[in-house]
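Asker: Data file query18.csv (CSV, C-alpha atoms and all ligand atoms) is appended below.
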```
chain,number,residue,atom,x,y,z
A,1,MET,CA,-26.8,-16.6,-11.9
A,2,SER,CA,-24.1,-13.9,-11.5
A,3,ILE,CA,-22.0,-13.5,-8.4
A,4,HIS,CA,-21.9,-9.9,-7.2
A,5,ILE,CA,-19.5,-8.7,-4.5
A,6,LEU,CA,-19.8,-5.3,-3.0
A,7,ALA,CA,-16.4,-3.9,-1.9
A,8,ILE,CA,-15.7,-1.0,0.4
A,9,GLU,CA,-12.4,0.9,0.9
A,10,SER,CA,-12.1,3.4,3.8
A,11,SER,CA,-8.5,3.1,5.0
A,12,CYS,CA,-7.4,6.7,4.7
A,13,ASP,CA,-9.2,9.7,3.2
A,14,GLU,CA,-11.1,8.2,0.2
A,15,THR,CA,-14.5,6.6,0.8
A,16,ALA,CA,-14.9,4.2,-2.1
A,17,ALA,CA,-17.2,1.4,-3.2
A,18,SER,CA,-17.1,-1.0,-6.2
A,19,VAL,CA,-19.2,-3.9,-7.5
A,20,ILE,CA,-17.4,-6.9,-9.1
A,21,SER,CA,-19.7,-9.2,-11.0
A,22,ASP,CA,-18.4,-12.6,-12.0
A,23,GLY,CA,-14.8,-11.4,-11.7
A,24,LYS,CA,-15.3,-8.2,-13.7
A,25,VAL,CA,-15.0,-4.9,-11.9
A,26,VAL,CA,-18.2,-3.0,-13.0
A,27,ASN,CA,-17.6,0.3,-11.4
A,28,ASN,CA,-15.2,2.3,-9.1
A,29,ILE,CA,-16.9,5.0,-7.1
A,30,ILE,CA,-14.7,7.3,-5.0
A,31,ALA,CA,-15.6,10.3,-2.8
A,32,THR,CA,-12.4,12.1,-2.0
A,33,GLN,CA,-12.2,14.2,1.2
A,34,ASP,CA,-11.1,17.7,0.3
A,35,ILE,CA,-11.5,18.8,3.9
A,36,HIS,CA,-7.9,17.8,4.8
A,37,GLU,CA,-6.3,20.2,2.4
A,38,LYS,CA,-6.6,23.1,4.7
A,39,TYR,CA,-4.9,21.2,7.5
A,40,GLY,CA,-1.9,20.2,5.3
A,41,GLY,CA,-2.5,16.5,5.9
A,42,VAL,CA,-5.1,13.9,6.8
A,43,VAL,CA,-6.8,14.6,10.2
A,44,PRO,CA,-7.9,11.1,11.4
A,45,GLU,CA,-11.0,12.2,13.4
A,46,LEU,CA,-12.3,14.2,10.4
A,47,ALA,CA,-11.6,11.4,8.0
A,48,SER,CA,-13.6,9.0,10.1
A,49,ARG,CA,-16.5,11.4,10.3
A,50,VAL,CA,-16.6,12.1,6.6
A,51,HIS,CA,-16.4,8.4,5.8
A,52,GLN,CA,-19.6,8.0,7.9
A,53,GLN,CA,-21.3,10.7,5.8
A,54,ASN,CA,-20.1,9.3,2.5
A,55,ILE,CA,-20.4,5.6,2.8
A,56,VAL,CA,-24.1,5.2,2.2
A,57,PRO,CA,-24.2,7.5,-0.8
A,58,VAL,CA,-21.1,5.9,-2.3
A,59,VAL,CA,-22.5,2.4,-1.9
A,60,THR,CA,-25.9,3.4,-3.3
A,61,GLU,CA,-24.2,4.9,-6.3
A,62,ALA,CA,-22.1,1.7,-6.9
A,63,LEU,CA,-25.2,-0.5,-6.7
A,64,LYS,CA,-27.1,1.9,-9.0
A,65,GLN,CA,-24.3,1.9,-11.6
A,66,ALA,CA,-24.0,-1.9,-11.5
A,67,ASN,CA,-27.8,-2.0,-12.0
A,68,ILE,CA,-28.3,-4.3,-9.0
A,69,ASN,CA,-30.2,-4.1,-5.7
A,70,ILE,CA,-28.7,-4.7,-2.3
A,71,SER,CA,-30.6,-8.0,-2.2
A,72,ASP,CA,-28.5,-9.1,-5.3
A,73,VAL,CA,-25.2,-8.8,-3.4
A,74,ASN,CA,-23.7,-12.2,-2.6
A,75,ALA,CA,-20.8,-11.1,-0.4
A,76,VAL,CA,-19.5,-7.9,1.1
A,77,ALA,CA,-15.7,-7.1,1.2
A,78,PHE,CA,-13.9,-4.4,3.1
A,79,THR,CA,-10.4,-3.2,3.8
A,80,ARG,CA,-9.3,-4.5,7.2
A,81,GLY,CA,-6.0,-2.7,7.2
A,82,PRO,CA,-3.4,-1.3,7.1
A,83,GLY,CA,-4.8,2.3,7.6
A,84,LEU,CA,-6.2,4.7,10.1
A,85,LEU,CA,-8.2,2.9,12.8
A,86,GLY,CA,-11.2,5.4,12.8
A,87,SER,CA,-11.4,5.3,9.0
A,88,LEU,CA,-11.1,1.5,8.7
A,89,LEU,CA,-13.8,1.1,11.4
A,90,VAL,CA,-16.4,2.8,9.2
A,91,GLY,CA,-15.9,0.2,6.4
A,92,VAL,CA,-15.7,-2.7,8.8
A,93,SER,CA,-18.8,-1.7,10.7
A,94,PHE,CA,-20.7,-1.1,7.5
A,95,ALA,CA,-19.7,-4.6,6.1
A,96,LYS,CA,-20.7,-6.2,9.4
A,97,GLY,CA,-24.1,-4.5,9.4
A,98,LEU,CA,-24.8,-5.5,5.8
A,99,SER,CA,-23.6,-9.1,6.4
A,100,LEU,CA,-26.0,-9.4,9.4
A,101,ALA,CA,-28.9,-7.7,7.7
A,102,ARG,CA,-28.6,-9.7,4.4
A,103,ASN,CA,-27.1,-12.9,5.8
A,104,ILE,CA,-24.2,-12.8,3.4
A,105,PRO,CA,-20.6,-13.7,3.9
A,106,MET,CA,-17.8,-11.1,4.6
A,107,ILE,CA,-14.4,-10.9,3.0
A,108,GLU,CA,-11.5,-9.0,4.6
A,109,VAL,CA,-8.9,-7.5,2.3
A,110,ASN,CA,-5.4,-6.3,2.9
A,111,HIS,CA,-5.1,-2.8,1.4
A,112,MET,CA,-1.5,-3.4,0.2
A,113,GLN,CA,-2.3,-6.7,-1.4
A,114,ALA,CA,-5.2,-5.1,-3.1
A,115,HIS,CA,-3.0,-2.3,-4.6
A,116,ILE,CA,-1.0,-5.2,-6.2
A,117,LEU,CA,-4.1,-7.1,-7.4
A,118,ALA,CA,-5.3,-3.9,-9.2
A,119,HIS,CA,-3.1,-5.3,-12.0
A,120,PHE,CA,-5.7,-8.0,-12.6
A,121,ILE,CA,-8.6,-5.6,-13.2
A,122,ASP,CA,-7.7,-4.8,-16.8
A,123,ASP,CA,-5.3,-6.3,-19.5
A,124,PRO,CA,-2.4,-6.7,-19.7
A,125,LYS,CA,-2.2,-8.9,-16.6
A,126,PRO,CA,1.2,-10.0,-15.3
A,127,GLU,CA,2.1,-13.6,-15.2
A,128,PHE,CA,3.4,-15.1,-11.9
A,129,PRO,CA,5.9,-14.6,-10.4
A,130,PHE,CA,6.5,-10.9,-10.7
A,131,ILE,CA,8.0,-8.1,-8.6
A,132,CYS,CA,5.8,-5.3,-7.5
A,133,LEU,CA,7.1,-1.9,-6.3
A,134,THR,CA,4.2,-0.7,-4.1
A,135,VAL,CA,4.6,3.0,-3.5
A,136,SER,CA,2.0,4.9,-1.5
A,137,GLY,CA,1.5,7.6,1.1
A,138,GLY,CA,2.0,5.0,3.9
A,139,HIS,CA,4.2,2.3,2.4
A,140,THR,CA,7.1,1.6,0.1
A,141,GLN,CA,7.5,-2.1,-0.5
A,142,LEU,CA,9.2,-4.5,-2.9
A,143,VAL,CA,7.0,-7.5,-3.1
A,144,LEU,CA,7.6,-10.9,-4.7
A,145,VAL,CA,4.2,-11.9,-6.0
A,146,ARG,CA,4.0,-15.7,-6.5
A,147,GLU,CA,0.2,-16.1,-6.8
A,148,PHE,CA,-2.9,-14.0,-6.3
A,149,LEU,CA,-2.8,-14.4,-2.5
A,150,ASP,CA,0.8,-15.5,-2.1
A,151,MET,CA,3.1,-12.5,-1.7
A,152,GLU,CA,6.3,-11.8,0.2
A,153,ILE,CA,7.8,-8.5,1.1
A,154,ILE,CA,11.4,-8.6,0.1
A,155,GLY,CA,12.3,-4.9,0.8
A,156,GLN,CA,10.6,-2.0,2.5
A,157,THR,CA,11.1,1.4,4.0
A,158,LYS,CA,12.8,1.8,7.3
A,159,ASP,CA,11.1,5.1,8.0
A,160,ASP,CA,9.0,7.4,5.8
A,161,ALA,CA,7.1,6.1,2.7
A,162,VAL,CA,8.1,7.6,-0.6
A,163,GLY,CA,4.6,9.3,-0.9
A,164,GLU,CA,5.2,10.8,2.5
A,165,ALA,CA,8.6,12.1,1.3
A,166,PHE,CA,6.8,13.7,-1.7
A,167,ASP,CA,4.1,15.2,0.5
A,168,LYS,CA,6.5,16.5,3.1
A,169,ALA,CA,8.9,18.0,0.5
A,170,ALA,CA,5.9,19.8,-1.0
A,171,LYS,CA,4.8,21.0,2.5
A,172,ILE,CA,8.3,22.5,3.1
A,173,MET,CA,7.9,24.4,-0.1
A,174,GLY,CA,4.5,25.7,1.0
A,175,LEU,CA,2.5,23.6,-1.5
A,176,PRO,CA,-0.9,22.3,-0.4
A,177,TYR,CA,-1.7,18.7,0.6
A,178,PRO,CA,-1.3,16.2,-1.0
A,179,GLY,CA,1.8,17.6,-2.6
A,180,GLY,CA,2.9,14.5,-4.6
A,181,PRO,CA,0.8,15.3,-7.7
A,182,LEU,CA,1.9,19.0,-7.6
A,183,ILE,CA,5.6,18.1,-7.5
A,184,ASP,CA,5.0,15.8,-10.5
A,185,LYS,CA,3.3,18.7,-12.3
A,186,TYR,CA,6.0,21.3,-11.7
A,187,ALA,CA,8.8,18.8,-12.3
A,188,LYS,CA,7.6,18.4,-15.9
A,189,GLU,CA,8.8,21.9,-16.6
A,190,GLY,CA,12.0,21.7,-14.6
A,191,ASP,CA,15.6,20.6,-15.0
A,192,PRO,CA,16.2,17.4,-12.9
A,193,GLU,CA,20.0,17.9,-12.9
A,194,LYS,CA,20.1,21.4,-11.4
A,195,TYR,CA,19.5,20.4,-7.7
A,196,SER,CA,20.0,16.9,-6.4
A,197,PHE,CA,19.7,15.3,-3.0
A,198,PRO,CA,21.9,12.4,-2.0
A,199,PRO,CA,20.4,8.9,-1.7
A,200,ALA,CA,20.3,7.1,1.6
A,201,GLU,CA,22.8,4.3,1.8
A,202,ILE,CA,20.6,1.4,3.1
A,203,PRO,CA,21.8,-2.1,2.5
A,204,GLY,CA,19.8,-4.8,0.6
A,205,LEU,CA,16.4,-4.1,-0.8
A,206,ASP,CA,15.2,-1.7,2.0
A,207,PHE,CA,14.6,2.0,1.6
A,208,SER,CA,14.9,5.1,3.7
A,209,PHE,CA,13.3,8.5,2.8
A,210,SER,CA,13.6,10.5,6.0
A,211,GLY,CA,17.0,11.8,5.3
A,212,ILE,CA,16.0,13.5,2.0
A,213,LYS,CA,13.3,15.4,3.7
A,214,THR,CA,15.9,16.9,6.1
A,215,ALA,CA,18.3,17.5,3.2
A,216,ILE,CA,15.6,19.5,1.4
A,217,LEU,CA,14.7,21.4,4.5
A,218,TYR,CA,18.3,22.6,5.1
A,219,PHE,CA,19.0,23.2,1.4
A,220,LEU,CA,16.0,25.5,1.1
A,221,ARG,CA,16.7,27.2,4.4
A,222,ASP,CA,20.2,28.1,3.2
A,223,GLU,CA,19.1,29.3,-0.2
A,224,LEU,CA,16.2,31.3,1.2
A,225,LYS,CA,18.7,33.2,3.4
A,226,GLY,CA,20.4,34.6,0.3
A,227,ASN,CA,17.2,35.0,-1.8
A,228,PRO,CA,13.8,35.0,-0.1
A,229,GLU,CA,12.2,34.4,-3.5
A,230,PHE,CA,14.4,31.3,-4.1
A,231,ILE,CA,11.5,28.8,-4.0
A,232,ASN,CA,9.1,30.9,-6.2
A,233,GLU,CA,11.9,31.6,-8.8
A,234,ASN,CA,13.1,27.9,-9.0
A,235,LEU,CA,10.0,25.9,-8.1
A,236,ASN,CA,10.1,23.8,-11.3
A,237,ASP,CA,13.8,22.9,-11.0
A,238,ILE,CA,13.5,22.2,-7.3
A,239,CYS,CA,10.5,19.9,-7.8
A,240,ALA,CA,12.3,18.1,-10.7
A,241,GLY,CA,15.4,17.6,-8.6
A,242,ILE,CA,13.4,16.2,-5.6
A,243,GLN,CA,11.4,13.9,-7.9
A,244,GLN,CA,14.5,12.7,-9.7
A,245,SER,CA,16.3,11.9,-6.4
A,246,LEU,CA,13.3,9.9,-5.1
A,247,ILE,CA,12.9,8.1,-8.4
A,248,ASN,CA,16.7,7.2,-8.4
A,249,MET,CA,16.3,5.6,-5.0
A,250,LEU,CA,13.3,3.6,-6.1
A,251,MET,CA,14.9,2.5,-9.4
A,252,ASP,CA,18.1,1.5,-7.7
A,253,LYS,CA,16.4,-1.0,-5.4
A,254,LEU,CA,14.1,-2.2,-8.2
A,255,ARG,CA,17.2,-3.0,-10.3
A,256,LYS,CA,18.7,-4.9,-7.3
A,257,ALA,CA,15.5,-6.8,-6.8
A,258,VAL,CA,15.4,-7.9,-10.4
A,259,LYS,CA,19.0,-9.0,-10.2
A,260,GLN,CA,18.6,-10.8,-6.9
A,261,THR,CA,15.4,-12.7,-7.9
A,262,GLY,CA,16.1,-13.2,-11.6
A,263,ILE,CA,12.5,-12.2,-12.2
A,264,ASN,CA,12.2,-9.5,-14.9
A,265,ARG,CA,8.4,-8.9,-14.8
A,266,VAL,CA,8.0,-5.7,-12.9
A,267,ALA,CA,4.9,-3.9,-11.8
A,268,LEU,CA,4.2,-0.6,-10.1
A,269,ALA,CA,1.3,-0.1,-7.6
A,270,GLY,CA,0.0,2.5,-5.1
A,271,GLY,CA,-0.6,6.2,-5.3
A,272,VAL,CA,3.0,7.2,-6.3
A,273,SER,CA,2.8,5.0,-9.3
A,274,ALA,CA,0.7,7.8,-10.8
A,275,ASN,CA,3.9,9.8,-10.9
A,276,SER,CA,4.8,10.5,-14.5
A,277,GLY,CA,8.6,10.6,-13.9
A,278,LEU,CA,8.5,7.2,-12.2
A,279,ARG,CA,6.4,5.7,-14.9
A,280,SER,CA,8.7,6.9,-17.6
A,281,ALA,CA,11.9,5.9,-15.7
A,282,LEU,CA,10.5,2.4,-15.4
A,283,THR,CA,9.5,2.2,-19.0
A,284,SER,CA,12.9,3.3,-20.3
A,285,GLU,CA,14.8,1.1,-17.9
A,286,ALA,CA,12.6,-1.8,-19.1
A,287,GLU,CA,13.5,-1.0,-22.7
A,288,ARG,CA,17.2,-1.0,-21.8
A,289,LYS,CA,17.1,-4.2,-19.8
A,290,GLY,CA,14.4,-6.2,-21.5
A,291,TRP,CA,12.0,-6.2,-18.6
A,292,GLN,CA,8.3,-6.6,-19.0
A,293,THR,CA,6.5,-3.9,-17.1
A,294,PHE,CA,3.0,-3.4,-15.8
A,295,ILE,CA,1.6,0.0,-14.7
A,296,PRO,CA,-2.0,0.4,-13.6
A,297,ALA,CA,-4.4,2.8,-15.1
A,298,PHE,CA,-4.5,6.1,-13.1
A,299,GLU,CA,-7.8,5.4,-11.5
A,300,TYR,CA,-6.4,2.2,-9.9
A,301,CYS,CA,-3.1,3.7,-8.7
A,302,THR,CA,-4.5,5.8,-5.9
A,303,ASP,CA,-6.9,4.4,-3.3
A,304,ASN,CA,-10.0,2.9,-4.8
A,305,ALA,CA,-12.4,0.1,-4.2
A,306,GLY,CA,-12.0,-1.6,-7.6
A,307,MET,CA,-8.8,-3.1,-6.3
A,308,ILE,CA,-10.5,-4.3,-3.0
A,309,ALA,CA,-13.2,-5.9,-5.2
A,310,MET,CA,-10.6,-7.6,-7.3
A,311,ALA,CA,-8.8,-9.0,-4.3
A,312,ALA,CA,-12.2,-10.1,-2.8
A,313,TRP,CA,-13.0,-12.0,-6.0
A,314,TYR,CA,-9.9,-14.2,-5.5
A,315,LYS,CA,-10.7,-14.7,-1.8
A,316,TYR,CA,-14.4,-15.6,-2.6
A,317,GLN,CA,-13.2,-18.3,-5.0
A,318,ALA,CA,-10.8,-19.6,-2.3
A,319,ASN,CA,-13.7,-19.6,0.2
A,320,GLU,CA,-11.8,-17.2,2.5
A,321,PHE,CA,-14.5,-15.6,4.5
A,322,VAL,CA,-14.5,-14.0,8.0
A,323,ASP,CA,-17.1,-13.9,10.7
A,324,LEU,CA,-18.4,-11.0,12.8
A,325,SER,CA,-15.5,-11.3,15.3
A,326,VAL,CA,-13.2,-9.6,12.7
A,327,SER,CA,-11.8,-6.2,13.7
A,328,ALA,CA,-10.0,-3.4,11.9
A,329,GLU,CA,-6.2,-3.8,11.9
A,330,PRO,CA,-4.3,-0.6,11.4
A,331,ARG,CA,-1.0,-2.4,11.1
A,332,LEU,CA,-2.2,-5.5,9.1
A,333,LYS,CA,0.6,-7.4,7.5
A,334,PHE,CA,0.7,-10.1,4.9
A,401,LIG,O1,-2.1,4.7,-2.5
A,401,LIG,P1,-2.5,6.1,-2.0
A,401,LIG,O2,-3.7,6.7,-2.7
A,401,LIG,O3,-2.9,6.1,-0.5
A,401,LIG,C1,-2.2,5.4,0.4
A,401,LIG,O4,-2.5,4.2,0.6
A,401,LIG,O5,-1.3,6.0,1.1
A,401,LIG,O6,-1.2,7.1,-2.1
A,401,LIG,C2,-1.3,8.4,-1.8
A,401,LIG,C3,0.1,9.0,-2.0
A,401,LIG,C4,0.3,10.4,-1.5
A,401,LIG,O7,1.5,10.5,-0.8
A,401,LIG,C5,0.3,11.3,-2.8
A,401,LIG,O8,1.1,12.5,-2.7
A,401,LIG,C6,1.0,10.3,-3.7
A,401,LIG,O9,0.4,9.0,-3.4
A,401,LIG,N1,0.8,10.6,-5.2
A,401,LIG,C7,1.8,11.1,-6.0
A,401,LIG,C8,1.2,11.3,-7.2
A,401,LIG,N2,-0.1,11.0,-7.2
A,401,LIG,C9,-0.3,10.6,-5.9
A,401,LIG,N3,3.1,11.2,-5.7
A,401,LIG,C10,3.9,11.7,-6.8
A,401,LIG,N4,3.4,12.0,-8.0
A,401,LIG,C11,2.1,11.8,-8.3
A,401,LIG,N5,1.6,12.0,-9.5
A,402,ZN,ZN,-3.3,3.0,-0.8
```
Hey, can you dump this file as structure tokens for me?
Ligand code: KG4
Ligand code: ZN
Answerer:
Amino acid sequence: MSIHILAIESSCDETAASVISDGKVVNNIIATQDIHEKYGGVVPELASRVHQQNIVPVVTEALKQANINISDVNAVAFTRGPGLLGSLLVGVSFAKGLSLARNIPMIEVNHMQAHILAHFIDDPKPEFPFICLTVSGGHTQLVLVREFLDMEIIGQTKDDAVGEAFDKAAKIMGLPYPGGPLIDKYAKEGDPEKYSFPPAEIPGLDFSFSGIKTAILYFLRDELKGNPEFINENLNDICAGIQQSLINMLMDKLRKAVKQTGINRVALAGGVSANSGLRSALTSEAERKGWQTFIPAFEYCTDNAGMIAMAAWYKYQANEFVDLSVSAEPRLKF
């Protein structure tokens, strides 16, 4: 008999569900919330409300595509944190309801660990230990991954996440939310050397991205005084310069992490790993230095439930279940 786990992700603004059967992710259903675009960022109350509307249809679709009934589900997994409280609560409450109704165990998943475990959905899978640079809208972490559920943060941002820096830079330029993918798009046509922004000098393996946002703001303010059309006329080059400066900061710390740990298996995870500039910077650095690199498929870079399902599979095998007293944890650590 097959083991089916239903996994739910609702930490931010994607309502997602996935079924994993005997360790194989069968599907990855995502309902993205477009409503936040007009507010220029995720509005927590709206996100929670839209999760409530989406969760049943998304789960129904995941079960349908997996060709199973709710009665075939052996365990239900959910993102416990980190994330927005009101968003997380929808997934946690749904899982509790299903666990009670069907008398099946519950598995809690750390969203950041799940981003890393997305590497085990498809081949090639990294061998342990490896270094993972997890870059998302809420986090920037260098993680030493020793085993599926044994990870240590060896560096992280002191302030903004790199995804946030992309999104804020885009917002300053008047681009819609989320601006990261747009900066990526315009940067492809631009000259990355024309405008550059100085990196933050942070010791060790930690990062800081709040300074670059201010540097961009002042740079554009000064240029716009001389030419009100400055952004429109130079959008590609500005985007290329911003992207390159952010990538340089990430690559600099990644190089340090490899040097410090002596581990040259390097993986990317999280929404910003969809960035084409970062992907190619890592690939060419790896060629130069002889690193082995792992970059997830696009559908498993940004928030998804396939990665929650994958993490849940390892926890299921380790008998790591939780009871109904579990609560959402917006600042969950690992
Ligand atoms: O992992 P994710 O989907 O959600 C969080 O857990 O935060 O990451 C979302 C972040 C956003 O900041 C978005 O702008 C950024 O990932 N992002 C990108 C790209 N695609 C998504 N940033 C730069 N280039 C991209 N292609
Ligand atoms: Zn995420």
Asker: What is the distance between CA of Ala328 (chain A) and CA of Val42 (chain A), in Å to one decimal?
Answerer: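 CA of Ala328 (chain A) sits 18.7 Å away from CA of Val42 (chain A).
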Asker: For Asn27 (chain A), which residue out of A:Glu299, A:Phe207, A:Phe94, A:Glu152 is the nearest one, using all atoms listed in the file?
Answerer: A:Glu299
Asker: Quick one: distance from CA of Gly137 (chain A) to CA of Pro181 (chain A) in Å, one decimal?
Answerer: 11.7 Å
Asker: Using all atoms listed in the file, pick whichever of A:Met112, A:Ile35, A:Ile238, A:Ala305 has the shortest atom-to-atom distance to ligand LIG 401 (chain A).
Answerer: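 Comparing A:Met112, A:Ile35, A:Ile238, A:Ala305 against ligand LIG 401 (chain A), the winner is A:Met112.
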Asker: Tell me, in Å to one decimal, how far CA of Ser136 (chain A) is from atom O8 of ligand LIG 401 (chain A).
Answerer: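 Computed distance, CA of Ser136 (chain A) to atom O8 of ligand LIG 401 (chain A), equals 7.7 Å.
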Asker: Please provide the set of residues having any atom within 12 Å of Ile202 (chain A), restricted to only C-alpha atoms, with same-chain residues fewer than 4 positions apart removed, written as JSON, numbers by chain.
Answerer: {"A": [155, 156, 157, 158, 159, 206, 207, 208, 209, 210, 211, 249, 250, 252, 253]}
Asker: Closest to Ile242 (chain A) among A:Ala257, A:Glu201, A:Ala274, A:Tyr195, using all atoms listed in the file?
Answerer: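 Going through A:Ala257, A:Glu201, A:Ala274, A:Tyr195 one by one, the smallest distance to Ile242 (chain A) is for A:Tyr195.
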Asker: Counting only C-alpha atoms and all ligand atoms, which residues of chain A fall within 10 Å of ligand LIG 401 (chain A), and what is the closest atom pair for each with its distance in Å at one decimal, ordered by chain and rising number, as a tab-separated table?
Answerer:
```
residue	atom	partner	partner_atom	distance
A:Ser11	CA	A:LIG401	O4	7.5
A:Cys12	CA	A:LIG401	O4	6.9
A:Asp13	CA	A:LIG401	O3	8.1
A:Glu14	CA	A:LIG401	O2	8.1
A:Gly41	CA	A:LIG401	O7	9.8
A:Pro82	CA	A:LIG401	O4	8.6
A:Gly83	CA	A:LIG401	O4	7.6
A:His111	CA	A:LIG401	O4	7.5
A:Met112	CA	A:LIG401	O4	7.7
A:His115	CA	A:LIG401	O1	7.4
A:Thr134	CA	A:LIG401	O1	8.5
A:Val135	CA	A:LIG401	O1	7.0
A:Ser136	CA	A:LIG401	O6	3.9
A:Gly137	CA	A:LIG401	O5	3.2
A:Gly138	CA	A:LIG401	O5	4.4
A:His139	CA	A:LIG401	O5	6.8
A:Thr140	CA	A:LIG401	O5	9.5
A:Ala161	CA	A:LIG401	O7	7.9
A:Val162	CA	A:LIG401	O7	7.2
A:Gly163	CA	A:LIG401	O7	3.3
A:Glu164	CA	A:LIG401	O7	5.0
A:Ala165	CA	A:LIG401	O7	7.6
A:Phe166	CA	A:LIG401	O8	5.9
A:Asp167	CA	A:LIG401	O8	5.2
A:Lys168	CA	A:LIG401	O7	8.7
A:Ala170	CA	A:LIG401	O8	8.9
A:Tyr177	CA	A:LIG401	O8	7.6
A:Pro178	CA	A:LIG401	O8	4.7
A:Gly179	CA	A:LIG401	O8	5.1
A:Gly180	CA	A:LIG401	O8	3.3
A:Pro181	CA	A:LIG401	C11	3.8
A:Leu182	CA	A:LIG401	N4	7.2
A:Ile183	CA	A:LIG401	N4	6.5
A:Asp184	CA	A:LIG401	N4	4.8
A:Lys185	CA	A:LIG401	N5	7.5
A:Ala187	CA	A:LIG401	N4	9.7
A:Gln243	CA	A:LIG401	C10	7.9
A:Leu246	CA	A:LIG401	C10	9.7
A:Ile247	CA	A:LIG401	C10	9.8
A:Ala269	CA	A:LIG401	O1	7.8
A:Gly270	CA	A:LIG401	O1	4.0
A:Gly271	CA	A:LIG401	O6	3.4
A:Val272	CA	A:LIG401	N3	4.0
A:Ser273	CA	A:LIG401	C8	6.8
A:Ala274	CA	A:LIG401	N5	4.5
A:Asn275	CA	A:LIG401	N5	3.5
A:Ser276	CA	A:LIG401	N5	6.1
A:Gly277	CA	A:LIG401	N4	8.0
A:Leu278	CA	A:LIG401	N4	8.2
A:Arg279	CA	A:LIG401	N5	9.6
A:Phe298	CA	A:LIG401	N2	8.8
A:Glu299	CA	A:LIG401	O2	9.8
A:Tyr300	CA	A:LIG401	O2	8.9
A:Cys301	CA	A:LIG401	O1	6.4
A:Thr302	CA	A:LIG401	O2	3.4
A:Asp303	CA	A:LIG401	O2	4.0
A:Asn304	CA	A:LIG401	O2	7.7
```
Asker: Keeping only C-alpha atoms, write the selected residues to a file as a CSV table (one decimal), keeping the file's coordinate frame.
Answerer:
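Okay, result-v1.csv is ready:
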```csv
chain,number,residue,atom,x,y,z
A,11,SER,CA,-8.5,3.1,5.0
A,12,CYS,CA,-7.4,6.7,4.7
A,13,ASP,CA,-9.2,9.7,3.2
A,14,GLU,CA,-11.1,8.2,0.2
A,41,GLY,CA,-2.5,16.5,5.9
A,82,PRO,CA,-3.4,-1.3,7.1
A,83,GLY,CA,-4.8,2.3,7.6
A,111,HIS,CA,-5.1,-2.8,1.4
A,112,MET,CA,-1.5,-3.4,0.2
A,115,HIS,CA,-3.0,-2.3,-4.6
A,134,THR,CA,4.2,-0.7,-4.1
A,135,VAL,CA,4.6,3.0,-3.5
A,136,SER,CA,2.0,4.9,-1.5
A,137,GLY,CA,1.5,7.6,1.1
A,138,GLY,CA,2.0,5.0,3.9
A,139,HIS,CA,4.2,2.3,2.4
A,140,THR,CA,7.1,1.6,0.1
A,161,ALA,CA,7.1,6.1,2.7
A,162,VAL,CA,8.1,7.6,-0.6
A,163,GLY,CA,4.6,9.3,-0.9
A,164,GLU,CA,5.2,10.8,2.5
A,165,ALA,CA,8.6,12.1,1.3
A,166,PHE,CA,6.8,13.7,-1.7
A,167,ASP,CA,4.1,15.2,0.5
A,168,LYS,CA,6.5,16.5,3.1
A,170,ALA,CA,5.9,19.8,-1.0
A,177,TYR,CA,-1.7,18.7,0.6
A,178,PRO,CA,-1.3,16.2,-1.0
A,179,GLY,CA,1.8,17.6,-2.6
A,180,GLY,CA,2.9,14.5,-4.6
A,181,PRO,CA,0.8,15.3,-7.7
A,182,LEU,CA,1.9,19.0,-7.6
A,183,ILE,CA,5.6,18.1,-7.5
A,184,ASP,CA,5.0,15.8,-10.5
A,185,LYS,CA,3.3,18.7,-12.3
A,187,ALA,CA,8.8,18.8,-12.3
A,243,GLN,CA,11.4,13.9,-7.9
A,246,LEU,CA,13.3,9.9,-5.1
A,247,ILE,CA,12.9,8.1,-8.4
A,269,ALA,CA,1.3,-0.1,-7.6
A,270,GLY,CA,0.0,2.5,-5.1
A,271,GLY,CA,-0.6,6.2,-5.3
A,272,VAL,CA,3.0,7.2,-6.3
A,273,SER,CA,2.8,5.0,-9.3
A,274,ALA,CA,0.7,7.8,-10.8
A,275,ASN,CA,3.9,9.8,-10.9
A,276,SER,CA,4.8,10.5,-14.5
A,277,GLY,CA,8.6,10.6,-13.9
A,278,LEU,CA,8.5,7.2,-12.2
A,279,ARG,CA,6.4,5.7,-14.9
A,298,PHE,CA,-4.5,6.1,-13.1
A,299,GLU,CA,-7.8,5.4,-11.5
A,300,TYR,CA,-6.4,2.2,-9.9
A,301,CYS,CA,-3.1,3.7,-8.7
A,302,THR,CA,-4.5,5.8,-5.9
A,303,ASP,CA,-6.9,4.4,-3.3
A,304,ASN,CA,-10.0,2.9,-4.8
```
